[in-house]
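**Q** Just so it is clear, I am handing over query39.txt, which has compact mmCIF, C-alpha atoms.
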# COMPACT_ATOMS: atom_id res chain seq x y z
CA MET D 1 166.93 131.65 129.36
CA GLU D 2 163.51 132.52 128.05
CA ILE D 3 161.90 130.24 130.59
CA ILE D 4 163.62 132.11 133.44
CA MET D 5 162.36 135.38 132.04
CA ILE D 6 158.83 133.97 131.85
CA ALA D 7 159.11 132.86 135.47
CA ILE D 8 160.34 136.24 136.71
CA THR D 9 157.67 138.05 134.71
CA ALA D 10 154.91 135.83 136.08
CA CYS D 11 156.14 136.06 139.65
CA LEU D 12 157.05 139.71 140.06
CA ILE D 13 156.42 141.94 137.06
CA ASN D 14 152.97 140.65 136.14
CA ASN D 15 152.07 139.58 139.64
CA VAL D 16 148.97 137.43 139.48
CA VAL D 17 147.06 139.31 142.16
CA LEU D 18 148.43 142.82 142.03
CA SER D 19 148.48 143.34 138.31
CA GLN D 20 146.30 140.65 136.76
CA PHE D 21 143.60 140.54 139.46
CA LEU D 22 143.31 136.77 139.56
CA GLY D 23 142.65 135.00 142.85
CA ILE D 24 141.42 138.17 144.53
CA CYS D 25 138.87 136.25 146.60
CA ALA D 26 141.53 134.21 148.33
CA PHE D 27 143.84 137.23 148.55
CA LEU D 28 141.26 139.20 150.53
CA GLY D 29 139.57 136.37 152.36
CA VAL D 30 142.51 134.45 153.83
CA SER D 31 144.89 137.30 154.63
CA GLN D 32 143.82 137.93 158.20
CA LYS D 33 146.72 136.03 159.76
CA SER D 34 150.12 135.42 158.27
CA ASP D 35 150.23 131.69 159.03
CA SER D 36 146.91 130.95 157.37
CA ALA D 37 147.94 133.18 154.47
CA SER D 38 151.11 131.18 154.13
CA GLY D 39 149.11 127.92 154.22
CA MET D 40 146.89 129.19 151.48
CA GLY D 41 149.92 130.23 149.44
CA MET D 42 151.39 126.77 149.82
CA ALA D 43 148.17 125.06 148.78
CA VAL D 44 147.81 127.33 145.76
CA THR D 45 151.42 126.63 144.73
CA PHE D 46 150.81 122.91 144.96
CA VAL D 47 147.55 122.91 143.01
CA LEU D 48 148.56 125.51 140.45
CA THR D 49 151.75 123.71 139.47
CA LEU D 50 149.98 120.39 139.20
CA SER D 51 146.98 121.77 137.33
CA SER D 52 149.15 123.63 134.79
CA LEU D 53 150.87 120.35 134.07
CA VAL D 54 147.68 118.27 133.81
CA CYS D 55 145.78 120.86 131.79
CA GLY D 56 148.75 121.24 129.45
CA VAL D 57 148.93 117.48 128.90
CA ILE D 58 145.19 117.11 128.35
CA TYR D 59 145.07 120.06 125.99
CA LYS D 60 147.94 118.79 123.89
CA PHE D 61 147.07 115.10 123.75
CA LEU D 62 143.29 115.12 123.95
CA LEU D 63 141.71 118.39 122.85
CA VAL D 64 144.06 119.27 119.98
CA PRO D 65 144.07 115.82 118.26
CA PHE D 66 140.27 115.70 118.33
CA ASN D 67 139.95 119.33 117.18
CA VAL D 68 137.81 120.35 120.13
CA GLU D 69 139.95 123.22 121.45
CA TYR D 70 136.80 125.25 122.00
CA LEU D 71 135.86 122.92 124.86
CA LYS D 72 138.90 124.08 126.84
CA THR D 73 136.96 126.20 129.33
CA ILE D 74 134.63 123.35 130.31
CA ALA D 75 137.43 120.77 130.24
CA PHE D 76 139.83 122.84 132.35
CA ILE D 77 137.36 123.69 135.07
CA LEU D 78 136.31 120.06 135.42
CA ILE D 79 139.96 118.94 135.43
CA VAL D 80 140.80 121.43 138.17
CA ALA D 81 137.80 120.40 140.27
CA ALA D 82 138.58 116.71 139.89
CA LEU D 83 142.28 117.27 140.52
CA VAL D 84 141.67 119.10 143.78
CA GLN D 85 139.40 116.33 145.00
CA PHE D 86 141.99 113.75 144.02
CA VAL D 87 144.87 115.61 145.67
CA GLU D 88 142.80 115.94 148.82
CA MET D 89 142.05 112.21 148.95
CA PHE D 90 145.60 111.27 148.04
CA THR D 91 147.30 113.45 150.66
CA LYS D 92 144.78 112.42 153.32
CA LYS D 93 145.60 108.76 152.75
CA PHE D 94 149.32 108.81 152.00
CA VAL D 95 150.85 112.07 153.24
CA PRO D 96 148.88 112.98 156.36
CA SER D 97 151.42 115.63 157.43
CA LEU D 98 150.95 117.51 154.17
CA TYR D 99 147.20 117.12 154.53
CA GLU D 100 147.41 118.67 157.98
CA ALA D 101 149.16 121.69 156.52
CA LEU D 102 147.10 122.15 153.36
CA GLY D 103 143.91 120.33 154.29
CA ILE D 104 141.38 123.06 154.88
CA TYR D 105 142.74 125.24 152.10
CA LEU D 106 142.54 122.64 149.36
CA PRO D 107 138.78 122.65 148.78
CA LEU D 108 138.89 126.42 148.80
CA ILE D 109 140.95 126.63 145.64
CA THR D 110 138.80 124.57 143.34
CA THR D 111 137.44 127.55 141.53
CA ASN D 112 140.13 130.05 142.44
CA CYS D 113 140.25 132.00 139.22
CA ALA D 114 144.06 132.04 139.27
CA VAL D 115 144.12 128.29 138.67
CA LEU D 116 141.83 128.40 135.65
CA GLY D 117 143.35 131.69 134.50
CA VAL D 118 146.86 130.26 134.34
CA ALA D 119 145.67 127.21 132.40
CA LEU D 120 143.98 129.49 129.88
CA LEU D 121 146.97 131.84 129.68
CA ASN D 122 149.24 128.87 128.94
CA VAL D 123 147.05 127.99 125.96
CA GLN D 124 146.73 131.58 124.84
CA ASN D 125 150.50 132.14 124.89
CA ASP D 126 151.26 128.79 123.21
CA TYR D 127 153.52 127.63 126.03
CA ASP D 128 154.73 124.03 125.79
CA ILE D 129 154.07 121.73 128.75
CA LEU D 130 157.34 122.46 130.59
CA THR D 131 157.12 126.22 130.12
CA GLY D 132 153.47 126.11 131.15
CA THR D 133 154.26 124.26 134.35
CA VAL D 134 157.07 126.65 135.24
CA HIS D 135 154.75 129.55 134.47
CA GLY D 136 152.15 128.05 136.81
CA PHE D 137 154.68 127.54 139.58
CA ALA D 138 156.08 131.07 139.26
CA THR D 139 152.61 132.57 139.23
CA ALA D 140 151.78 130.72 142.42
CA ILE D 141 154.97 131.96 144.10
CA GLY D 142 153.91 135.49 143.15
CA PHE D 143 150.54 134.83 144.75
CA TRP D 144 152.18 133.50 147.89
CA LEU D 145 154.40 136.55 148.14
CA ALA D 146 151.52 138.97 147.72
CA ILE D 147 149.16 137.27 150.19
CA VAL D 148 151.84 136.94 152.89
CA ILE D 149 152.85 140.60 152.55
CA LEU D 150 149.21 141.66 152.80
CA ALA D 151 148.71 139.45 155.85
CA PHE D 152 151.70 141.05 157.61
CA ILE D 153 150.33 144.51 156.90
CA ARG D 154 146.84 143.55 158.06
CA GLU D 155 148.19 142.12 161.32
CA LYS D 156 149.72 145.53 162.02
CA MET D 157 146.68 147.38 160.76
CA VAL D 158 144.53 146.00 163.56
CA PHE D 159 146.14 148.56 165.87
CA ASN D 160 145.42 151.52 163.60
CA ASP D 161 142.55 153.89 163.97
CA VAL D 162 140.88 153.62 160.59
CA PRO D 163 137.95 155.98 159.81
CA LYS D 164 134.67 154.14 160.17
CA PRO D 165 133.51 154.00 156.53
CA PHE D 166 136.94 152.70 155.52
CA ARG D 167 137.02 149.82 157.97
CA GLY D 168 137.14 146.32 156.56
CA PHE D 169 137.07 146.05 152.81
CA PRO D 170 137.97 149.61 151.64
CA ILE D 171 141.17 149.93 153.66
CA VAL D 172 142.35 146.53 152.44
CA MET D 173 141.72 147.69 148.87
CA ILE D 174 143.77 150.84 149.45
CA THR D 175 146.58 148.79 151.00
CA SER D 176 146.52 146.57 147.92
CA ALA D 177 146.71 149.64 145.71
CA LEU D 178 149.88 150.76 147.48
CA MET D 179 151.35 147.25 147.20
CA SER D 180 150.49 147.23 143.54
CA ILE D 181 152.34 150.52 143.05
CA ALA D 182 155.34 149.05 144.84
CA PHE D 183 155.31 146.02 142.55
CA PHE D 184 155.50 148.35 139.56
CA GLY D 185 159.11 148.84 140.54
CA PHE D 186 159.85 145.33 139.32
CA ALA D 187 159.02 146.37 135.77
CA ALA D 188 162.59 147.67 135.60
CA LEU D 189 163.78 144.04 135.72
CA LYS D 190 162.71 143.54 132.13
CA MET Y 191 109.22 150.83 150.10
CA ARG Y 192 108.60 147.13 150.58
CA LEU Y 193 107.78 145.01 147.61
CA LYS Y 194 106.33 141.54 147.69
CA LYS Y 195 109.07 138.98 147.91
CA ASP Y 196 110.26 137.07 144.84
CA THR Y 197 108.28 139.13 142.34
CA PRO Y 198 110.18 140.28 139.22
CA ALA Y 199 110.31 143.94 140.30
CA GLU Y 200 111.48 143.09 143.80
CA ARG Y 201 114.20 140.80 142.44
CA ILE Y 202 115.55 143.43 140.06
CA LEU Y 203 115.58 146.16 142.71
CA ASN Y 204 117.20 143.77 145.16
CA GLY Y 205 120.00 143.00 142.71
CA ILE Y 206 120.63 146.61 141.84
CA TYR Y 207 120.41 148.19 145.27
CA ASN Y 208 119.74 146.09 148.37
CA GLU Y 209 122.13 143.29 147.57
CA ASN Y 210 124.28 144.82 144.88
CA PRO Y 211 126.81 142.07 144.19
CA VAL Y 212 129.82 144.38 144.08
CA PHE Y 213 129.12 147.07 146.65
CA CYS Y 214 127.14 145.09 149.22
CA LEU Y 215 128.08 141.46 148.83
CA ILE Y 216 131.67 142.06 147.63
CA LEU Y 217 131.38 139.31 145.04
CA GLY Y 218 133.00 138.88 141.66
CA MET Y 219 136.07 140.96 142.46
CA CYS Y 220 138.36 139.62 139.73
CA PRO Y 221 136.39 140.90 136.72
CA THR Y 222 135.36 144.02 138.65
CA LEU Y 223 138.95 145.09 139.11
CA ALA Y 224 140.41 143.72 135.92
CA THR Y 225 138.01 144.84 133.22
CA THR Y 226 137.13 148.36 134.33
CA THR Y 227 139.97 150.14 132.56
CA SER Y 228 137.31 152.03 130.61
CA ALA Y 229 133.56 152.52 130.90
CA LEU Y 230 132.98 150.55 127.70
CA ASN Y 231 134.96 147.53 128.87
CA GLY Y 232 133.15 147.59 132.20
CA VAL Y 233 129.72 147.70 130.57
CA GLY Y 234 130.73 144.99 128.07
CA MET Y 235 131.85 142.69 130.85
CA GLY Y 236 128.76 143.49 132.92
CA LEU Y 237 126.35 142.76 130.09
CA SER Y 238 128.00 139.51 129.07
CA THR Y 239 127.92 138.37 132.69
CA THR Y 240 124.26 139.42 132.90
CA ILE Y 241 123.34 137.28 129.89
CA ILE Y 242 125.18 134.25 131.24
CA LEU Y 243 123.84 134.70 134.75
CA THR Y 244 120.24 135.10 133.64
CA LEU Y 245 120.26 132.11 131.29
CA ALA Y 246 122.21 129.91 133.70
CA GLU Y 247 119.82 130.71 136.55
CA LEU Y 248 116.84 129.96 134.32
CA ILE Y 249 118.20 126.60 133.16
CA ILE Y 250 119.36 125.59 136.62
CA SER Y 251 115.98 126.48 138.05
CA LEU Y 252 114.22 124.43 135.35
CA LEU Y 253 116.49 121.49 136.08
CA ARG Y 254 116.39 121.82 139.86
CA LYS Y 255 114.22 118.75 140.36
CA ILE Y 256 116.23 116.60 137.97
CA ILE Y 257 119.72 117.37 139.28
CA PRO Y 258 120.52 115.07 142.22
CA ASP Y 259 121.61 116.96 145.30
CA ARG Y 260 125.08 115.44 145.50
CA MET Y 261 125.82 116.08 141.84
CA ARG Y 262 124.65 119.66 141.72
CA MET Y 263 128.03 121.38 141.71
CA PRO Y 264 129.41 119.65 138.62
CA ALA Y 265 126.02 120.05 136.96
CA TYR Y 266 125.99 123.81 137.66
CA ILE Y 267 129.53 124.15 136.39
CA VAL Y 268 128.69 122.42 133.13
CA VAL Y 269 125.60 124.60 132.58
CA ILE Y 270 127.52 127.79 133.32
CA ALA Y 271 130.57 126.77 131.30
CA SER Y 272 128.40 125.94 128.29
CA PHE Y 273 126.85 129.40 128.30
CA VAL Y 274 130.25 130.98 128.77
CA THR Y 275 131.60 129.11 125.76
CA MET Y 276 128.66 130.29 123.66
CA VAL Y 277 129.04 133.91 124.72
CA ASP Y 278 132.77 133.61 124.07
CA PHE Y 279 132.08 132.59 120.47
CA LEU Y 280 129.41 135.23 119.94
CA MET Y 281 131.67 137.99 121.22
CA GLU Y 282 134.57 136.79 119.12
CA GLY Y 283 132.31 136.97 116.05
CA PHE Y 284 130.35 140.15 116.66
CA THR Y 285 132.40 142.38 118.97
CA PRO Y 286 136.03 141.55 118.12
CA GLY Y 287 137.37 144.78 119.66
CA LEU Y 288 135.76 144.15 123.04
CA TYR Y 289 136.68 140.47 122.84
CA LYS Y 290 140.31 141.42 122.46
CA SER Y 291 140.37 143.89 125.32
CA LEU Y 292 138.55 141.56 127.74
CA GLY Y 293 140.86 138.66 126.85
CA ILE Y 294 140.91 135.73 129.26
CA TYR Y 295 138.38 137.39 131.54
CA ILE Y 296 135.57 136.15 129.27
CA PRO Y 297 136.25 132.42 129.83
CA LEU Y 298 136.91 133.30 133.47
CA ILE Y 299 133.25 134.26 133.89
CA VAL Y 300 132.89 130.52 134.67
CA VAL Y 301 134.46 131.06 138.08
CA ASN Y 302 132.69 134.33 138.79
CA CYS Y 303 131.40 134.02 142.36
CA ILE Y 304 128.18 135.83 141.55
CA ILE Y 305 127.01 133.15 139.13
CA MET Y 306 127.99 130.21 141.35
CA GLY Y 307 126.59 131.95 144.39
CA ARG Y 308 123.23 132.79 142.89
CA ALA Y 309 122.90 129.35 141.35
CA GLU Y 310 123.31 127.79 144.75
CA ALA Y 311 121.60 130.35 146.92
CA TYR Y 312 118.64 131.11 144.70
CA ALA Y 313 118.15 129.35 141.38
CA GLY Y 314 118.54 125.87 142.83
CA LYS Y 315 115.51 126.40 145.04
CA MET Y 316 113.20 128.83 143.30
CA LYS Y 317 110.73 128.81 140.42
CA PRO Y 318 112.10 129.63 136.95
CA VAL Y 319 110.43 133.06 136.65
CA SER Y 320 111.83 134.38 139.94
CA ALA Y 321 115.21 132.86 139.15
CA PHE Y 322 115.25 134.54 135.74
CA PHE Y 323 114.54 137.95 137.21
CA ASP Y 324 116.95 137.38 140.05
CA GLY Y 325 119.66 136.76 137.46
CA LEU Y 326 118.62 139.85 135.55
CA GLY Y 327 118.63 142.03 138.66
CA MET Y 328 121.96 140.76 139.95
CA GLY Y 329 123.44 141.10 136.47
CA LEU Y 330 122.21 144.68 136.13
CA GLY Y 331 123.53 145.52 139.59
CA PHE Y 332 126.90 144.12 138.55
CA THR Y 333 126.79 146.06 135.26
CA ILE Y 334 125.99 149.33 137.04
CA ALA Y 335 128.84 148.82 139.49
CA LEU Y 336 131.29 148.07 136.68
CA PHE Y 337 130.01 151.05 134.73
CA LEU Y 338 130.57 153.37 137.72
CA LEU Y 339 134.03 152.03 138.40
CA GLY Y 340 134.98 152.09 134.71
CA SER Y 341 133.68 155.65 134.29
CA VAL Y 342 135.61 156.98 137.27
CA ARG Y 343 138.80 155.28 136.15
CA GLU Y 344 138.47 156.34 132.54
CA ILE Y 345 137.61 159.97 133.29
CA ILE Y 346 140.38 160.51 135.83
CA GLY Y 347 142.92 158.25 134.17
CA ALA Y 348 142.45 159.07 130.50
CA GLY Y 349 140.23 162.15 130.46
CA THR Y 350 137.71 160.39 128.23
CA TRP Y 351 134.29 158.74 128.69
CA PHE Y 352 133.26 155.98 126.29
CA GLY Y 353 136.17 157.17 124.17
CA MET Y 354 135.00 160.81 123.98
CA LYS Y 355 137.25 163.53 125.32
CA ILE Y 356 135.32 165.28 128.07
CA THR Y 357 137.91 166.99 130.23
CA PRO Y 358 139.36 170.44 129.41
CA VAL Y 359 142.53 170.50 127.34
CA SER Y 360 144.54 171.74 130.32
CA TYR Y 361 143.72 168.55 132.31
CA VAL Y 362 146.61 166.10 132.47
CA PRO Y 363 145.24 162.55 132.84
CA VAL Y 364 146.46 160.65 135.91
CA ASN Y 365 147.60 157.54 134.13
CA ILE Y 366 147.82 155.37 137.24
CA PHE Y 367 144.03 155.18 137.50
CA VAL Y 368 143.87 153.14 134.32
CA LEU Y 369 146.67 150.88 135.56
CA ALA Y 370 146.33 148.18 138.19
CA PRO Y 371 146.67 150.28 141.41
CA GLY Y 372 143.87 152.58 140.25
CA ALA Y 373 141.42 149.69 140.26
CA PHE Y 374 142.08 148.89 143.92
CA LEU Y 375 142.06 152.54 144.91
CA VAL Y 376 138.83 153.52 143.15
CA LEU Y 377 136.95 150.43 144.35
CA GLY Y 378 138.14 151.05 147.91
CA PHE Y 379 136.91 154.62 147.82
CA LEU Y 380 133.59 153.75 146.15
CA VAL Y 381 132.82 151.13 148.79
CA ALA Y 382 133.82 153.60 151.52
CA VAL Y 383 131.37 156.12 150.09
CA MET Y 384 128.65 153.47 150.04
CA ASN Y 385 129.46 152.61 153.66
CA ARG Y 386 129.30 156.28 154.64
CA LEU Y 387 125.85 156.58 153.04
CA LYS Y 388 124.67 153.48 154.85
CA ILE Y 389 126.00 154.63 158.21
CA GLY Y 390 124.25 157.95 157.62
CA ALA Y 391 121.01 156.11 156.91
CA GLY Y 392 121.40 154.07 160.07
CA ARG Y 393 122.20 150.81 158.32
CA ARG Y 394 125.07 148.40 158.74
CA PRO Y 395 128.11 149.22 156.62
CA GLY Y 396 129.29 146.78 154.00
CA VAL Y 397 130.91 143.46 154.56
CA ASP Y 398 134.36 143.05 155.97
CA PRO Y 399 136.17 140.66 153.66
CA ALA Y 400 137.13 138.50 156.57
CA GLN Y 401 133.60 138.44 157.88
CA GLY Y 402 132.09 138.27 154.47
CA ASN Y 403 131.69 135.64 151.91
CA MET Y 404 135.21 135.30 150.64
CA CYS Y 405 136.39 131.98 151.78
CA GLY Y 406 139.16 131.81 149.28
CA ASP Y 407 136.93 130.84 146.45
CA CYS Y 408 133.43 130.83 145.22
CA MET Y 409 132.64 127.19 145.21
CA SER Y 410 133.04 126.88 148.94
CA CYS Y 411 130.74 129.83 149.51
CA MET Y 412 128.28 128.25 147.25
CA LYS Y 413 128.64 124.93 148.94
CA LEU Y 414 128.03 126.45 152.33
CA GLY Y 415 125.20 128.61 151.14
CA LEU Y 416 127.03 131.63 152.48
CA CYS Y 417 126.76 133.84 149.49
CA THR Y 418 124.39 136.25 151.13
CA GLY Y 419 127.55 137.73 152.52
CA ARG Y 420 126.65 137.75 156.15
CA GLU Y 421 128.74 135.05 157.71
CA ALA Y 422 132.36 134.55 158.44
CA CYS Y 423 133.92 131.48 157.02
CA THR Y 424 137.57 132.21 156.61
CA GLU Y 425 139.10 130.76 159.69
CA ASN Y 426 136.64 128.01 160.45
CA ALA Y 427 135.92 126.88 156.93
CA ALA Y 428 136.72 123.35 157.98
CA VAL Y 429 134.29 123.45 160.86
CA LYS Y 430 131.54 124.84 158.72
CA GLU Y 431 132.25 122.23 156.10
CA ALA Y 432 130.52 119.84 158.45
CA VAL Y 433 127.39 121.98 158.67
CA PRO Y 434 124.88 120.81 156.10
CA ALA Y 435 124.12 123.39 153.44
CA ASP Y 436 120.46 123.37 154.37
CA ALA Y 437 121.13 124.44 157.91
CA ALA Y 438 123.36 127.26 156.71
CA ALA Y 439 120.73 128.38 154.25
CA LYS Y 440 118.03 128.38 156.91
CA ASN Y 441 120.31 130.38 159.13
CA ASN Y 442 120.69 132.96 156.40
CA GLU Y 443 116.98 133.16 155.71
CA GLY Y 444 116.39 133.76 159.37
CA LYS Y 445 118.86 136.61 159.37
CA GLU Y 446 117.37 138.17 156.29
CA GLY Y 447 113.99 138.21 157.92
CA VAL Y 448 115.25 140.34 160.81
Now, as a test, write the supplied structure out as structure tokens.
**A**
Amino acid sequence: MEIIMIAITACLINNVVLSQFLGICAFLGVSQKSDSASGMGMAVTFVLTLSSLVCGVIYKFLLVPFNVEYLKTIAFILIVAALVQFVEMFTKKFVPSLYEALGIYLPLITTNCAVLGVALLNVQNDYDILTGTVHGFATAIGFWLAIVILAFIREKMVFNDVPKPFRGFPIVMITSALMSIAFFGFAALK
Amino acid sequence: MRLKKDTPAERILNGIYNENPVFCLILGMCPTLATTTSALNGVGMGLSTTIILTLAELIISLLRKIIPDRMRMPAYIVVIASFVTMVDFLMEGFTPGLYKSLGIYIPLIVVNCIIMGRAEAYAGKMKPVSAFFDGLGMGLGFTIALFLLGSVREIIGAGTWFGMKITPVSYVPVNIFVLAPGAFLVLGFLVAVMNRLKIGAGRRPGVDPAQGNMCGDCMSCMKLGLCTGREACTENAAVKEAVPADAAAKNNEGKEGV
């Protein structure tokens, strides 16, 4: 039951982008079109779930036994970078259709702060490996949701007459602010 | 006023005004939005990033001839992550209050685009002294931006500034400015104001995120040498992947000269 609560909290109540500000770069940069936004969301889901699992395993069976927990930042970032490379090579060779769909987005998530952030949050909150993985997956779904919604809004926004100084970045920020307010509504789920 | 290129003074001014990482290059958004709930948190985050950025740029510049070209990304990450770990420990020991309120955003300085971007775009090519001052200037520019954003949010949202009550008793703080939506809103308006000033002065407004440097993450920007914030890379990231970093960098230098 607790694990479901953690998942709902990570996905909706504490949305990774709109309330924790992780993965903002990708959120703003790849939300021009809804299909590329969706591709990005998929790639993030894939990598985030896998990296939560791998980081959890490495932390528990390598860093803790050797008493080097303080190396977690360095270890996690290298694990994520290596993992993304590996996933890219693996899908290219064995699952070409998946590579087609995720291909160009994969290298873009190596240092997406959401990926590292979730690994660190899992350690900070003392989640076990299963809970950590579910937490990673739910966080990624939250990211997917947010980026796709923003992409839909931005596709419509092209037709609006936005004042000149607000064009581009500022209006996207204000849109995100409104989305963030809307996501506050989910706090009632608690 | 035109200063000689790559001198310490020019680098610092460039970081603070001409290429302010937050307002002009739109870099390092995660900490900018997340840690500016108060002016103090903003300044704390800005200064710790400044220290890491300056030292990392210095070390990377010193090692630039030793690091093989193909291995530079992992090498940069290790250098940056080492400094981040050190600063993490120092803050835990000496500023426990700030450490607690910044939370996971301290280790997340590792993936701050500004550091990666400057390491690739500047420190990897330049002499140690210029790289050091470039780091200092960029860091100060970042700190000033965070200070501005934090001050606005704290004054409107809590009625205080650095913890002191400064608004009249009758003022009811607008709580939402301290919460998540306030961060987006205030940053949007601040950048709009900057754009307005630039349009008034006959300069190009700031970067559109889609045209700018946000390719989904920082490493790719760094890899493509795009962190001067002047090229689109979102849709054709894959195409650009093929362009050697040197060509992209030359392209950027050419544009800067104009």
**Q** With a distance cut-off of 12 Å and all atoms listed in the file, select the neighbouring residues of Ile206 in chain Y, excluding the residue or stretch itself and same-chain residues fewer than 2 positions from it, and output the selection as a PyMOL selection string.
**A** chain Y and resi 199-204+208-215+323-336
**Q** Find, counting all atoms listed in the file, the residue in D:Pro170, D:Gly41, D:Pro65, D:Gly185 that gets nearest to chain Y.
**A** D:Pro170
**Q** Extract, using only C-alpha atoms, all DNA, RNA and protein residues at most 8 Å from range 152-158 of chain D, discarding same-chain residues fewer than 6 positions from it, and format them as an NGL selection string.
**A** :D and (31-34 or 172)
**Q** Neighbouring residues of range 111-121 of chain D were defined as those with any atom within 6 Å, considering only C-alpha atoms; residues of the same chain fewer than 3 positions away were excluded. Please report them as a ChimeraX atom specification.
**A** /D:22-23,48,52,124-125 /Y:301,407
**Q** Kindly give the distance, in Å, that separates CA of Ser251 in chain Y and CA of Ala265 in chain Y, rounded to a single decimal.
**A**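 It comes out at 12.0 Å.
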**Q** With only C-alpha atoms as the atoms that count, which of Y:Gly283, Y:Pro264, Y:Gly390, Y:Gly378 lies nearest to chain D?
**A** Y:Gly378
**Q** Using only C-alpha atoms, which residues sit within 7 Å of Tyr105 in chain D once same-chain residues fewer than 4 positions away are excluded, as a PDB file with C-alpha atoms, in the frame of the given file?
**A**
ATOM      1  CA  MET D  40     146.890 129.190 151.480  1.00  0.00           C
ATOM      2  CA  ALA D  43     148.170 125.060 148.780  1.00  0.00           C
ATOM      3  CA  ILE D 109     140.950 126.630 145.640  1.00  0.00           C
TER       4      ILE D 109
END
**Q** As an exercise, work out the distance from CA of Val47 in chain D to CA of Ile270 in chain Y in Å and give it to one decimal place.
**A**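 Separating CA of Val47 in chain D from CA of Ile270 in chain Y is a distance of 22.8 Å.
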**Q** Quick one: everything within 12 Å of Met276 in chain Y, counting only C-alpha atoms, minus sequence neighbours fewer than 2 positions away in the same chain. Send it as a ChimeraX atom specification.
**A** /D:70-71,73-74 /Y:238,241-242,245-246,269-274,278-283,296-297,299-300
